[in-house]
file start.csv (CSV, C-alpha atoms and all ligand atoms)
chain,number,residue,atom,x,y,z
A,1,MET,CA,-9.1,6.6,-28.2
A,2,THR,CA,-10.4,9.8,-26.6
A,3,MET,CA,-13.8,8.1,-26.2
A,4,THR,CA,-12.2,5.1,-24.5
A,5,ILE,CA,-10.3,7.3,-22.0
A,6,ALA,CA,-13.5,9.3,-21.3
A,7,LEU,CA,-15.4,6.1,-20.8
A,8,HIS,CA,-12.8,4.7,-18.5
A,9,SER,CA,-12.5,7.8,-16.4
A,10,ASP,CA,-16.3,7.9,-16.1
A,11,HIS,CA,-16.1,4.3,-14.9
A,12,ALA,CA,-13.5,5.2,-12.4
A,13,ARG,CA,-15.6,8.0,-11.0
A,14,LEU,CA,-18.6,5.7,-11.0
A,15,PHE,CA,-17.0,3.1,-8.9
A,16,GLU,CA,-15.5,5.6,-6.4
A,17,ARG,CA,-19.1,6.7,-5.8
A,18,ASN,CA,-20.4,3.2,-5.3
A,19,ARG,CA,-22.3,2.6,-2.1
A,20,PHE,CA,-22.5,-1.2,-2.0
A,21,VAL,CA,-19.9,-2.7,-4.3
A,22,TYR,CA,-16.1,-2.1,-4.2
A,23,PRO,CA,-13.1,-3.8,-5.7
A,24,VAL,CA,-10.2,-4.9,-3.4
A,25,LEU,CA,-6.8,-6.2,-4.3
A,26,SER,CA,-6.5,-9.5,-2.4
A,27,ARG,CA,-2.9,-10.9,-2.4
A,28,ARG,CA,-4.3,-14.0,-0.5
A,29,SER,CA,-6.7,-14.9,-3.2
A,30,GLY,CA,-4.2,-13.9,-5.9
A,31,GLY,CA,-6.4,-11.3,-7.6
A,32,ILE,CA,-9.2,-8.8,-7.4
A,33,SER,CA,-12.1,-9.5,-5.1
A,34,ILE,CA,-15.3,-7.5,-5.6
A,35,GLY,CA,-16.8,-6.9,-2.2
A,36,VAL,CA,-20.6,-6.5,-1.8
A,37,ASN,CA,-21.8,-4.9,1.4
A,38,LEU,CA,-25.3,-6.1,2.4
A,39,ASN,CA,-25.1,-4.2,5.8
A,40,PRO,CA,-24.6,-0.5,5.0
A,41,ASP,CA,-26.3,0.4,8.3
A,42,LYS,CA,-23.3,-1.4,10.1
A,43,VAL,CA,-25.7,-3.4,12.2
A,44,CYS,CA,-24.5,-6.9,13.1
A,45,ASN,CA,-25.9,-9.7,15.3
A,46,PHE,CA,-22.4,-10.4,16.6
A,47,ASP,CA,-20.2,-7.8,18.3
A,48,CYS,CA,-16.8,-9.4,17.8
A,49,ILE,CA,-14.1,-8.1,20.1
A,50,TYR,CA,-11.8,-7.8,17.0
A,51,CYS,CA,-14.3,-6.2,14.6
A,52,GLN,CA,-12.8,-3.5,12.4
A,53,VAL,CA,-16.1,-1.8,11.5
A,54,ASP,CA,-16.2,1.7,13.0
A,55,ARG,CA,-19.6,1.9,14.6
A,56,THR,CA,-18.9,5.1,16.4
A,57,ARG,CA,-20.0,7.0,13.3
A,58,GLN,CA,-23.3,6.4,11.5
A,59,SER,CA,-23.1,5.6,7.9
A,60,GLU,CA,-25.0,7.7,5.3
A,61,THR,CA,-26.4,4.7,3.6
A,62,ARG,CA,-28.9,2.8,5.8
A,63,PHE,CA,-30.7,0.4,3.4
A,64,VAL,CA,-29.7,-1.8,0.6
A,65,GLU,CA,-31.2,-0.5,-2.6
A,66,THR,CA,-31.4,-3.6,-4.7
A,67,GLU,CA,-31.4,-1.9,-8.1
A,68,VAL,CA,-28.6,0.4,-7.3
A,69,LEU,CA,-26.5,-2.6,-5.9
A,70,ILE,CA,-27.1,-4.6,-9.0
A,71,ALA,CA,-26.2,-1.7,-11.3
A,72,GLU,CA,-23.0,-1.2,-9.3
A,73,LEU,CA,-22.1,-4.9,-9.5
A,74,ARG,CA,-22.7,-5.0,-13.2
A,75,ALA,CA,-20.5,-1.9,-13.8
A,76,THR,CA,-17.8,-3.0,-11.4
A,77,LEU,CA,-17.6,-6.5,-12.9
A,78,ASP,CA,-17.2,-4.8,-16.3
A,79,PHE,CA,-14.7,-2.4,-15.0
A,80,VAL,CA,-12.5,-5.2,-13.5
A,81,ALA,CA,-13.0,-7.9,-16.2
A,82,SER,CA,-12.3,-5.4,-19.0
A,83,GLY,CA,-9.0,-4.4,-17.4
A,84,ALA,CA,-10.1,-0.7,-17.2
A,85,ILE,CA,-9.4,-0.8,-13.4
A,86,TYR,CA,-5.7,-1.0,-14.1
A,87,GLU,CA,-5.7,2.4,-15.8
A,88,THR,CA,-6.7,4.1,-12.5
A,89,ASP,CA,-4.0,5.5,-10.2
A,90,LYS,CA,-4.9,3.2,-7.4
A,91,TYR,CA,-4.6,-0.1,-9.4
A,92,ARG,CA,-1.9,0.9,-12.0
A,93,GLU,CA,0.9,-0.8,-10.1
A,94,VAL,CA,-0.9,-4.1,-9.7
A,95,PRO,CA,1.6,-6.8,-11.0
A,96,PRO,CA,0.5,-8.9,-14.0
A,97,HIS,CA,0.0,-12.1,-12.0
A,98,LEU,CA,-2.6,-10.4,-9.8
A,99,ARG,CA,-4.5,-8.9,-12.7
A,100,ARG,CA,-7.4,-11.3,-12.5
A,101,LEU,CA,-10.8,-11.3,-11.1
A,102,ASN,CA,-11.1,-14.0,-8.4
A,103,ASP,CA,-14.4,-13.6,-6.7
A,104,ILE,CA,-17.4,-11.7,-5.6
A,105,ALA,CA,-17.4,-11.6,-1.8
A,106,PHE,CA,-20.4,-11.0,0.3
A,107,SER,CA,-19.3,-9.6,3.6
A,108,GLY,CA,-19.4,-5.9,4.4
A,109,ASP,CA,-20.1,-4.1,7.6
A,110,GLY,CA,-22.3,-6.8,9.3
A,111,GLU,CA,-23.6,-10.3,8.9
A,112,PRO,CA,-24.8,-10.6,5.2
A,113,THR,CA,-27.3,-13.4,5.9
A,114,THR,CA,-29.4,-11.1,8.1
A,115,TYR,CA,-30.4,-9.2,5.0
A,116,LYS,CA,-34.1,-9.9,4.6
A,117,ASN,CA,-34.1,-10.7,0.8
A,118,PHE,CA,-30.8,-12.7,1.0
A,119,ASP,CA,-32.0,-15.4,-1.4
A,120,GLU,CA,-33.4,-13.0,-4.0
A,121,LEU,CA,-30.2,-11.0,-3.9
A,122,MET,CA,-28.0,-14.0,-4.4
A,123,GLU,CA,-30.1,-15.0,-7.3
A,124,ARG,CA,-29.8,-11.5,-8.9
A,125,CYS,CA,-26.1,-11.3,-8.3
A,126,ALA,CA,-25.6,-14.8,-9.8
A,127,GLU,CA,-27.6,-13.7,-12.9
A,128,VAL,CA,-25.3,-10.7,-13.3
A,129,LYS,CA,-22.2,-12.9,-13.1
A,130,ALA,CA,-23.6,-15.4,-15.6
A,131,ALA,CA,-24.7,-12.7,-18.0
A,132,ALA,CA,-21.1,-11.3,-17.9
A,133,GLY,CA,-19.8,-14.8,-18.9
A,134,LEU,CA,-17.8,-15.0,-15.6
A,135,ASP,CA,-18.6,-18.6,-14.6
A,136,ASP,CA,-15.1,-19.1,-13.3
A,137,VAL,CA,-15.4,-16.2,-10.8
A,138,LYS,CA,-16.4,-17.5,-7.4
A,139,MET,CA,-19.2,-16.2,-5.2
A,140,VAL,CA,-17.8,-16.2,-1.6
A,141,LEU,CA,-20.1,-15.8,1.4
A,142,ILE,CA,-18.2,-14.6,4.5
A,143,THR,CA,-20.6,-15.4,7.4
A,144,ASN,CA,-21.0,-16.1,11.1
A,145,ALA,CA,-23.4,-18.9,10.3
A,146,SER,CA,-26.0,-17.5,12.8
A,147,MET,CA,-28.8,-17.5,10.2
A,148,PHE,CA,-28.3,-20.8,8.3
A,149,HIS,CA,-31.4,-22.3,10.0
A,150,ARG,CA,-33.7,-19.8,8.2
A,151,PRO,CA,-35.3,-21.3,5.0
A,152,HIS,CA,-34.7,-18.2,2.8
A,153,VAL,CA,-31.0,-18.2,3.9
A,154,GLN,CA,-30.8,-21.9,2.9
A,155,ARG,CA,-32.3,-21.0,-0.5
A,156,GLY,CA,-29.6,-18.4,-0.9
A,157,LEU,CA,-26.9,-20.9,0.0
A,158,GLU,CA,-28.3,-23.2,-2.7
A,159,VAL,CA,-28.0,-20.4,-5.3
A,160,LEU,CA,-24.3,-20.1,-4.3
A,161,ASP,CA,-23.9,-23.9,-4.7
A,162,GLN,CA,-25.2,-23.6,-8.3
A,163,ASN,CA,-22.9,-20.6,-9.1
A,164,ASN,CA,-19.4,-21.6,-8.1
A,165,GLY,CA,-20.1,-20.5,-4.6
A,166,GLU,CA,-18.0,-21.0,-1.5
A,167,ILE,CA,-19.1,-20.5,2.1
A,168,TRP,CA,-16.6,-19.3,4.7
A,169,ALA,CA,-18.1,-19.8,8.1
A,170,LYS,CA,-16.7,-18.2,11.2
A,171,LEU,CA,-15.7,-20.4,14.2
A,172,ASP,CA,-13.4,-18.6,16.7
A,173,ALA,CA,-13.8,-20.8,19.8
A,174,GLY,CA,-14.1,-24.3,21.2
A,175,THR,CA,-15.9,-23.5,24.4
A,176,ASP,CA,-19.1,-21.6,25.2
A,177,GLU,CA,-17.2,-19.3,27.5
A,178,TYR,CA,-14.6,-18.3,25.0
A,179,TYR,CA,-17.2,-17.9,22.2
A,180,HIS,CA,-19.1,-15.4,24.4
A,181,LEU,CA,-15.9,-13.5,25.3
A,182,ILE,CA,-15.0,-13.1,21.6
A,183,GLU,CA,-18.3,-12.8,19.8
A,184,ARG,CA,-20.3,-10.9,22.5
A,185,THR,CA,-23.7,-12.1,21.2
A,186,PRO,CA,-26.8,-13.5,22.8
A,187,ILE,CA,-26.9,-16.2,20.0
A,188,PRO,CA,-26.1,-19.6,21.6
A,189,PHE,CA,-22.8,-21.3,20.6
A,190,ARG,CA,-24.8,-24.5,20.1
A,191,GLN,CA,-26.9,-22.8,17.4
A,192,ILE,CA,-23.7,-21.8,15.4
A,193,LEU,CA,-22.3,-25.3,15.7
A,194,ASP,CA,-25.6,-26.9,14.6
A,195,ASN,CA,-25.9,-24.5,11.7
A,196,ILE,CA,-22.4,-25.1,10.5
A,197,THR,CA,-23.0,-28.9,10.8
A,198,ALA,CA,-26.3,-28.8,8.9
A,199,ALA,CA,-24.9,-26.6,6.1
A,200,ALA,CA,-21.7,-28.7,5.8
A,201,ARG,CA,-23.8,-31.8,5.3
A,202,VAL,CA,-25.1,-30.2,2.1
A,203,ARG,CA,-21.9,-28.9,0.7
A,204,PRO,CA,-18.2,-28.6,1.9
A,205,LEU,CA,-17.6,-25.5,3.9
A,206,VAL,CA,-14.5,-23.4,4.6
A,207,ILE,CA,-14.0,-22.6,8.3
A,208,GLN,CA,-12.6,-19.2,9.0
A,209,SER,CA,-11.1,-18.9,12.5
A,210,LEU,CA,-9.5,-15.9,14.1
A,211,PHE,CA,-7.3,-16.2,17.2
A,212,MET,CA,-5.6,-13.4,19.1
A,213,ARG,CA,-4.3,-12.2,22.4
A,214,VAL,CA,-7.0,-10.8,24.7
A,215,ASN,CA,-5.5,-8.7,27.5
A,216,GLY,CA,-2.2,-10.2,26.6
A,217,GLU,CA,-3.4,-13.8,26.7
A,218,PRO,CA,-3.5,-16.1,23.7
A,219,PRO,CA,-6.2,-18.9,23.6
A,220,SER,CA,-5.3,-21.5,26.2
A,221,PRO,CA,-4.1,-25.0,25.1
A,222,ALA,CA,-7.4,-26.4,26.5
A,223,GLU,CA,-9.4,-23.9,24.3
A,224,LEU,CA,-7.5,-24.9,21.2
A,225,GLU,CA,-8.1,-28.6,22.0
A,226,ALA,CA,-11.8,-27.9,22.5
A,227,PHE,CA,-11.8,-26.0,19.1
A,228,CYS,CA,-10.4,-29.2,17.5
A,229,ASP,CA,-13.1,-31.3,19.3
A,230,ARG,CA,-15.8,-29.1,17.8
A,231,LEU,CA,-14.4,-29.5,14.3
A,232,ASN,CA,-14.2,-33.3,14.8
A,233,GLU,CA,-17.9,-33.3,16.0
A,234,ILE,CA,-19.0,-31.5,12.9
A,235,THR,CA,-17.2,-34.0,10.6
A,236,ALA,CA,-18.4,-37.0,12.8
A,237,ASP,CA,-22.0,-35.7,12.2
A,238,GLY,CA,-21.5,-35.9,8.5
A,239,GLY,CA,-20.3,-32.3,7.8
A,240,LYS,CA,-17.7,-31.8,5.1
A,241,LEU,CA,-15.0,-29.2,5.8
A,242,LYS,CA,-12.7,-28.5,2.9
A,243,LEU,CA,-10.4,-26.1,4.7
A,244,VAL,CA,-9.7,-24.5,8.0
A,245,GLN,CA,-8.2,-21.0,7.7
A,246,ILE,CA,-6.4,-19.8,10.8
A,247,TYR,CA,-6.1,-16.0,11.0
A,248,THR,CA,-4.9,-13.5,13.5
A,249,ILE,CA,-5.5,-9.8,13.6
A,250,ALA,CA,-3.9,-8.0,10.7
A,251,ARG,CA,-5.1,-4.5,11.4
A,252,ARG,CA,-5.8,-2.7,14.6
A,253,PRO,CA,-9.4,-3.2,15.7
A,254,ALA,CA,-11.6,-0.8,17.7
A,255,GLU,CA,-10.9,-2.6,21.0
A,256,SER,CA,-7.5,-2.0,22.4
A,257,CYS,CA,-7.4,-5.1,24.6
A,258,VAL,CA,-6.8,-7.4,21.6
A,259,ALA,CA,-3.5,-7.9,19.8
A,260,PRO,CA,-2.2,-10.3,17.1
A,261,LEU,CA,-0.6,-13.7,17.7
A,262,ALA,CA,3.0,-14.1,16.6
A,263,ASP,CA,3.6,-16.0,13.4
A,264,ALA,CA,5.0,-19.1,15.3
A,265,GLU,CA,1.8,-19.2,17.4
A,266,VAL,CA,-0.3,-19.2,14.2
A,267,ASP,CA,1.9,-22.1,12.8
A,268,THR,CA,1.4,-24.0,16.1
A,269,ILE,CA,-2.4,-23.8,15.8
A,270,VAL,CA,-2.3,-24.9,12.1
A,271,ALA,CA,-0.2,-27.9,13.0
A,272,LEU,CA,-2.5,-28.8,15.9
A,273,VAL,CA,-5.6,-28.6,13.8
A,274,LYS,CA,-4.0,-30.8,11.1
A,275,ARG,CA,-2.9,-33.3,13.7
A,276,ARG,CA,-6.1,-33.5,15.7
A,277,THR,CA,-8.6,-33.3,12.9
A,278,GLY,CA,-6.9,-34.5,9.7
A,279,LEU,CA,-8.4,-31.5,7.9
A,280,SER,CA,-6.5,-29.2,5.6
A,281,ALA,CA,-5.5,-26.1,7.4
A,282,ILE,CA,-3.7,-22.9,6.4
A,283,GLY,CA,-2.4,-20.0,8.5
A,284,TYR,CA,-2.4,-16.3,7.7
A,285,TYR,CA,0.0,-14.1,9.7
A,286,GLY,CA,-1.0,-10.7,11.1
A,287,SER,CA,2.1,-9.3,12.7
A,288,ALA,CA,4.1,-8.5,9.6
A,289,ASP,CA,1.8,-5.7,8.4
A,290,TYR,CA,0.1,-4.9,11.7
A,291,GLN,CA,-0.3,-1.2,12.1
A,301,LIG,S1,-19.5,-10.9,12.5
A,301,LIG,FE1,-18.1,-9.7,11.3
A,301,LIG,S2,-19.1,-7.6,11.1
A,301,LIG,FE2,-20.1,-8.7,12.8
A,301,LIG,S3,-19.1,-8.0,14.6
A,301,LIG,FE3,-18.1,-9.9,13.9
A,301,LIG,S4,-16.4,-9.3,12.6
A,301,LIG,FE4,-17.8,-7.5,12.9
call {"tool": "encode", "arguments": {"input": "start.csv", "output": "structure tokens", "more": "lines below"}}
Ligand code: SF4
result
Amino acid sequence: MTMTIALHSDHARLFERNRFVYPVLSRRSGGISIGVNLNPDKVCNFDCIYCQVDRTRQSETRFVETEVLIAELRATLDFVASGAIYETDKYREVPPHLRRLNDIAFSGDGEPTTYKNFDELMERCAEVKAAAGLDDVKMVLITNASMFHRPHVQRGLEVLDQNNGEIWAKLDAGTDEYYHLIERTPIPFRQILDNITAAARVRPLVIQSLFMRVNGEPPSPAELEAFCDRLNEITADGGKLKLVQIYTIARRPAESCVAPLADAEVDTIVALVKRRTGLSAIGYYGSADYQ
């Protein structure tokens, strides 16, 4: 008994010190998600107007240390899957129906596919998951789709396909102008659309879209129509989209010119997407817990 407690508190200390891997309680996914940060330097090839990463302070960790990351993932999977996590103060109150491990999510403080050894790292993480006997646990890649044209990224996506993977690709606009207003990147909108289409031809993708007020203005009806047109073009070109997730801002971002949509506005966009595209769509409100 004493040994178990000692082991568990060692584990708790271990995961609090982690640099790349962290558990999060996700009510949306109905369980625990294990986040993996492939961008500890906080560098991103987008500069989204709604990004919550604090880039005013430099992080202490600049590079991914693969062996450290893998060791952290192994320990964190064990910590969550064994239930030891629910003995810590932070997770003690988690209700029984949420005490399950849902996924390993690759997101973090930048665009995960810009990581130079993306394919190798997906492979190593998949091996850790398989060795732990966690075939049901998903591997979710949260991405802006900007790097899908690179061969090593495509290899990494194939590793996800073989290991219960899911790709959530960001698409926040329907027109070039709005895309540049929101994402503030030199990467052309056409490249993102082509990348999403090509990847969706190989496996069904989830589209993740965030809409908000910018200087008090929600996206115009014409912008939302154009957004639906882009979705229709992807599917007309043979891309498979299994779900469109419509988000708004849930926590205050760095830029003060952006604010969340009202719940009813999110509902309207979801209804429009369903009607105009025939795709499954789901909305997530932001205003209820906006702080
Ligand atoms: S792609 Fe993600 S990490 Fe990069 S700026 Fe946009 S929200 Fe932030």
call {"tool": "residues_around", "arguments": {"input": "start.csv", "residues": "Asn102 (chain A)", "least_positions_apart": "3", "cutoff": "6 Å", "atoms": "all atoms listed in the file", "output": "ChimeraX atom specification"}}
result
/A:31-33,137
call {"tool": "residues_around", "arguments": {"input": "start.csv", "residues": "Leu231 (chain A)", "least_positions_apart": "2", "cutoff": "12 Å", "atoms": "all atoms listed in the file", "output": "JSON, numbers by chain"}}
result
{"A": [170, 171, 172, 173, 174, 175, 193, 194, 196, 197, 200, 205, 206, 207, 208, 209, 224, 225, 226, 227, 228, 229, 233, 234, 235, 236, 237, 238, 239, 240, 241, 242, 243, 244, 273, 274, 276, 277, 278, 279, 280, 281]}
call {"tool": "residues_near_ligand", "arguments": {"input": "start.csv", "ligand": "ligand LIG 301 (chain A)", "cutoff": "6 Å", "atoms": "all atoms listed in the file", "output": "PDB file with C-alpha atoms, keeping the file's coordinate frame"}}
result
ATOM      1  CA  CYS A  44     -24.500  -6.900  13.100  1.00  0.00           C
ATOM      2  CA  PHE A  46     -22.400 -10.400  16.600  1.00  0.00           C
ATOM      3  CA  ASP A  47     -20.200  -7.800  18.300  1.00  0.00           C
ATOM      4  CA  CYS A  48     -16.800  -9.400  17.800  1.00  0.00           C
ATOM      5  CA  CYS A  51     -14.300  -6.200  14.600  1.00  0.00           C
ATOM      6  CA  ASP A 109     -20.100  -4.100   7.600  1.00  0.00           C
ATOM      7  CA  GLY A 110     -22.300  -6.800   9.300  1.00  0.00           C
ATOM      8  CA  GLU A 111     -23.600 -10.300   8.900  1.00  0.00           C
ATOM      9  CA  ASN A 144     -21.000 -16.100  11.100  1.00  0.00           C
TER      10      ASN A 144
END
call {"tool": "residues_around", "arguments": {"input": "start.csv", "residues": "region 55-68 of chain A", "least_positions_apart": "2", "cutoff": "6 Å", "atoms": "only C-alpha atoms", "output": "PDB file with C-alpha atoms, keeping the file's coordinate frame"}}
result
ATOM      1  CA  PRO A  40     -24.600  -0.500   5.000  1.00  0.00           C
ATOM      2  CA  ASP A  41     -26.300   0.400   8.300  1.00  0.00           C
ATOM      3  CA  VAL A  53     -16.100  -1.800  11.500  1.00  0.00           C
ATOM      4  CA  ILE A  70     -27.100  -4.600  -9.000  1.00  0.00           C
ATOM      5  CA  ALA A  71     -26.200  -1.700 -11.300  1.00  0.00           C
TER       6      ALA A  71
END
call {"tool": "residues_around", "arguments": {"input": "start.csv", "residues": "Ile282 (chain A)", "least_positions_apart": "3", "cutoff": "7 Å", "atoms": "only C-alpha atoms", "output": "MDAnalysis selection string"}}
result
chainID A and resid 244:246 270
call {"tool": "closest_residue", "arguments": {"input": "start.csv", "among": "A:Asp119, A:His180, A:Glu223, A:Ile104", "to": "Asn164 (chain A)", "atoms": "all atoms listed in the file"}}
result
A:Ile104
call {"tool": "atom_distance", "arguments": {"input": "start.csv", "atom1": "CA of Phe148 (chain A)", "atom2": "CA of Lys116 (chain A)"}}
result
12.9 Å
call {"tool": "residues_around", "arguments": {"input": "start.csv", "residues": "His97 (chain A)", "least_positions_apart": "4", "cutoff": "12 Å", "atoms": "only C-alpha atoms", "output": "PyMOL selection string"}}
result
chain A and resi 25-27+29-32+93+101-102
call {"tool": "atom_distance", "arguments": {"input": "start.csv", "atom1": "CA of Leu160 (chain A)", "atom2": "CA of Phe106 (chain A)"}}
result
10.9 Å
call {"tool": "atom_distance", "arguments": {"input": "start.csv", "atom1": "CA of Thr113 (chain A)", "atom2": "CA of Pro186 (chain A)"}}
result
16.9 Å
call {"tool": "closest_residue", "arguments": {"input": "start.csv", "among": "A:Pro23, A:Gly133, A:Gly108, A:Gly283", "to": "Thr248 (chain A)", "atoms": "all atoms listed in the file"}}
result
A:Gly283
call {"tool": "closest_residue", "arguments": {"input": "start.csv", "among": "A:His152, A:Lys90, A:Arg230, A:Arg213", "to": "Gly286 (chain A)", "atoms": "all atoms listed in the file"}}
result
A:Arg213
call {"tool": "closest_residue", "arguments": {"input": "start.csv", "among": "A:Asn45, A:Val153, A:Leu261, A:Ala132", "to": "Phe211 (chain A)", "atoms": "all atoms listed in the file"}}
result
A:Leu261
call {"tool": "closest_residue", "arguments": {"input": "start.csv", "among": "A:Arg275, A:Arg190, A:Lys138, A:Arg184", "to": "Ile49 (chain A)", "atoms": "only C-alpha atoms"}}
result
A:Arg184
call {"tool": "closest_atom_pairs", "arguments": {"input": "start.csv", "of": "region 203-241 of chain A", "to": "region 249-259 of chain A", "cutoff": "8 Å", "atoms": "all atoms listed in the file", "output": "CSV"}}
result
residue,atom,partner,partner_atom,distance
A:Leu210,CA,A:Ile249,CA,7.3
A:Phe211,CA,A:Ile249,CA,7.6
A:Met212,CA,A:Ala259,CA,5.9
A:Arg213,CA,A:Ala259,CA,5.1
A:Val214,CA,A:Val258,CA,4.6
A:Asn215,CA,A:Cys257,CA,5.0
A:Gly216,CA,A:Ala259,CA,7.3
